[in-house]
Amino acid sequence: SPTMAQGNIGAWRKAPGDAVAVGDVLVEIETDKAQMEYESPEDGYLAKTFLAEGTKEAKVGEVHNLVATNCLVAVGGDCGGEGGCRGVC
């Protein structure tokens, strides 16, 4: 919303290491009037989330996640495990 100044972090739909495409929903943002979805602005891998689910009054423009274009950057060089980035390294 163009008039929104802050919101609450709802559920993260993607986890660090998950592959994301432009338009994929990353996180739900809640206000007193509505629940919105924040979409990935680019293709890559969700490298980090900076605000936990349930964070109150997160400011618009505040960094809440980092999308990396390189798989190894997204997982800090750890390509073990399954799913998302870890599954393609």
# chains A, B, ... in the order shown; residues from 1 in each chain; ligands from 1
>>> residues_around(residues="stretch 47-58 of chain A", least_positions_apart="2", cutoff="9 Å", atoms="only C-alpha atoms", output="number ranges by chain")
A: 5-12, 15-18, 27, 31, 44-45, 60-68, 71, 73-76
>>> select_by_dssp(residues="stretch 7-66 of chain A", states="strand (DSSP E or B)", output="ChimeraX atom specification")
/A:7-12,19-20,25-30,35-39,44-49,58-59,65-66
>>> atom_distance(atom1="atom CA of A:Val20", atom2="atom CA of A:Asp32")
28.3 Å
>>> closest_residue(among="A:Leu46, A:Met36, A:Ile29, A:Pro41", to="A:Lys14", atoms="only C-alpha atoms")
A:Leu46
>>> closest_residue(among="A:Glu39, A:Thr69, A:Glu30, A:Lys59", to="A:Arg13", atoms="only C-alpha atoms")
A:Glu39
>>> residues_around(residues="A:Tyr38", least_positions_apart="5", cutoff="9 Å", atoms="only C-alpha atoms", output="list of chain:residue names")
A:Gly23, A:Asp24, A:Val25, A:Leu26, A:Val27, A:Glu28, A:Ile29
>>> write_last_selection(atoms="N, CA and C atoms", output="short mmCIF file (atom, residue, chain, number, x, y, z; two decimals), in the first residue's frame")
data_model
loop_
_atom_site.label_atom_id
_atom_site.label_comp_id
_atom_site.auth_asym_id
_atom_site.auth_seq_id
_atom_site.Cartn_x
_atom_site.Cartn_y
_atom_site.Cartn_z
N GLY A 23 8.17 -12.77 -8.22
CA GLY A 23 6.74 -12.94 -7.95
C GLY A 23 6.41 -13.98 -6.90
N ASP A 24 7.36 -14.83 -6.53
CA ASP A 24 7.10 -15.80 -5.46
C ASP A 24 6.86 -15.05 -4.16
N VAL A 25 5.87 -15.49 -3.41
CA VAL A 25 5.58 -14.86 -2.12
C VAL A 25 6.66 -15.28 -1.12
N LEU A 26 7.32 -14.28 -0.51
CA LEU A 26 8.35 -14.55 0.48
C LEU A 26 7.78 -14.53 1.89
N VAL A 27 6.92 -13.55 2.18
CA VAL A 27 6.45 -13.36 3.55
C VAL A 27 5.08 -12.67 3.54
N GLU A 28 4.30 -12.96 4.56
CA GLU A 28 3.02 -12.27 4.75
C GLU A 28 3.25 -11.08 5.67
N ILE A 29 2.70 -9.93 5.31
CA ILE A 29 2.79 -8.72 6.11
C ILE A 29 1.39 -8.37 6.57
#
>>> decode(residues="stretch 39-59 of chain A", atoms="N, CA and C atoms", output="mmCIF file, in the first residue's frame")
data_model
loop_
_atom_site.group_PDB
_atom_site.id
_atom_site.type_symbol
_atom_site.label_atom_id
_atom_site.label_comp_id
_atom_site.auth_asym_id
_atom_site.auth_seq_id
_atom_site.Cartn_x
_atom_site.Cartn_y
_atom_site.Cartn_z
ATOM 1 N N GLU A 39 6.402 -10.084 -2.379
ATOM 2 C CA GLU A 39 6.915 -10.981 -3.411
ATOM 3 C C GLU A 39 8.383 -10.726 -3.701
ATOM 4 N N SER A 40 9.056 -11.772 -4.145
ATOM 5 C CA SER A 40 10.464 -11.642 -4.509
ATOM 6 C C SER A 40 10.605 -10.712 -5.709
ATOM 7 N N PRO A 41 11.512 -9.735 -5.628
ATOM 8 C CA PRO A 41 11.719 -8.834 -6.761
ATOM 9 C C PRO A 41 12.661 -9.413 -7.819
ATOM 10 N N GLU A 42 13.291 -10.552 -7.515
ATOM 11 C CA GLU A 42 14.230 -11.140 -8.471
ATOM 12 C C GLU A 42 14.338 -12.648 -8.278
ATOM 13 N N ASP A 43 14.907 -13.316 -9.279
ATOM 14 C CA ASP A 43 15.181 -14.749 -9.194
ATOM 15 C C ASP A 43 16.432 -14.966 -8.357
ATOM 16 N N GLY A 44 16.484 -16.076 -7.662
ATOM 17 C CA GLY A 44 17.687 -16.417 -6.897
ATOM 18 C C GLY A 44 17.353 -17.374 -5.776
ATOM 19 N N TYR A 45 17.976 -17.165 -4.640
ATOM 20 C CA TYR A 45 17.804 -18.015 -3.466
ATOM 21 C C TYR A 45 17.647 -17.110 -2.243
ATOM 22 N N LEU A 46 16.712 -17.445 -1.383
ATOM 23 C CA LEU A 46 16.556 -16.662 -0.162
ATOM 24 C C LEU A 46 17.759 -16.960 0.719
ATOM 25 N N ALA A 47 18.599 -15.961 0.909
ATOM 26 C CA ALA A 47 19.843 -16.154 1.653
ATOM 27 C C ALA A 47 19.641 -15.952 3.146
ATOM 28 N N LYS A 48 18.826 -14.962 3.519
ATOM 29 C CA LYS A 48 18.695 -14.645 4.942
ATOM 30 C C LYS A 48 17.407 -13.885 5.191
ATOM 31 N N THR A 49 16.805 -14.147 6.348
ATOM 32 C CA THR A 49 15.700 -13.325 6.833
ATOM 33 C C THR A 49 16.208 -12.576 8.056
ATOM 34 N N PHE A 50 15.920 -11.288 8.128
ATOM 35 C CA PHE A 50 16.410 -10.454 9.221
ATOM 36 C C PHE A 50 15.360 -10.198 10.297
ATOM 37 N N LEU A 51 14.096 -10.422 9.982
ATOM 38 C CA LEU A 51 13.020 -10.200 10.940
ATOM 39 C C LEU A 51 12.260 -11.508 11.141
ATOM 40 N N ALA A 52 12.082 -11.885 12.397
ATOM 41 C CA ALA A 52 11.405 -13.143 12.719
ATOM 42 C C ALA A 52 9.897 -13.021 12.541
ATOM 43 N N GLU A 53 9.251 -14.170 12.306
ATOM 44 C CA GLU A 53 7.793 -14.189 12.297
ATOM 45 C C GLU A 53 7.305 -13.594 13.610
ATOM 46 N N GLY A 54 6.269 -12.781 13.531
ATOM 47 C CA GLY A 54 5.721 -12.165 14.730
ATOM 48 C C GLY A 54 6.339 -10.817 15.073
ATOM 49 N N THR A 55 7.378 -10.392 14.337
ATOM 50 C CA THR A 55 7.966 -9.077 14.589
ATOM 51 C C THR A 55 6.897 -8.013 14.374
ATOM 52 N N LYS A 56 6.760 -7.123 15.334
ATOM 53 C CA LYS A 56 5.753 -6.061 15.280
ATOM 54 C C LYS A 56 6.373 -4.769 14.760
ATOM 55 N N GLU A 57 5.559 -4.002 14.062
ATOM 56 C CA GLU A 57 5.901 -2.658 13.612
ATOM 57 C C GLU A 57 7.198 -2.585 12.796
ATOM 58 N N ALA A 58 7.361 -3.531 11.876
ATOM 59 C CA ALA A 58 8.488 -3.468 10.942
ATOM 60 C C ALA A 58 8.244 -2.290 9.999
ATOM 61 N N LYS A 59 9.239 -1.468 9.816
ATOM 62 C CA LYS A 59 9.109 -0.252 9.006
ATOM 63 C C LYS A 59 9.206 -0.569 7.512
#
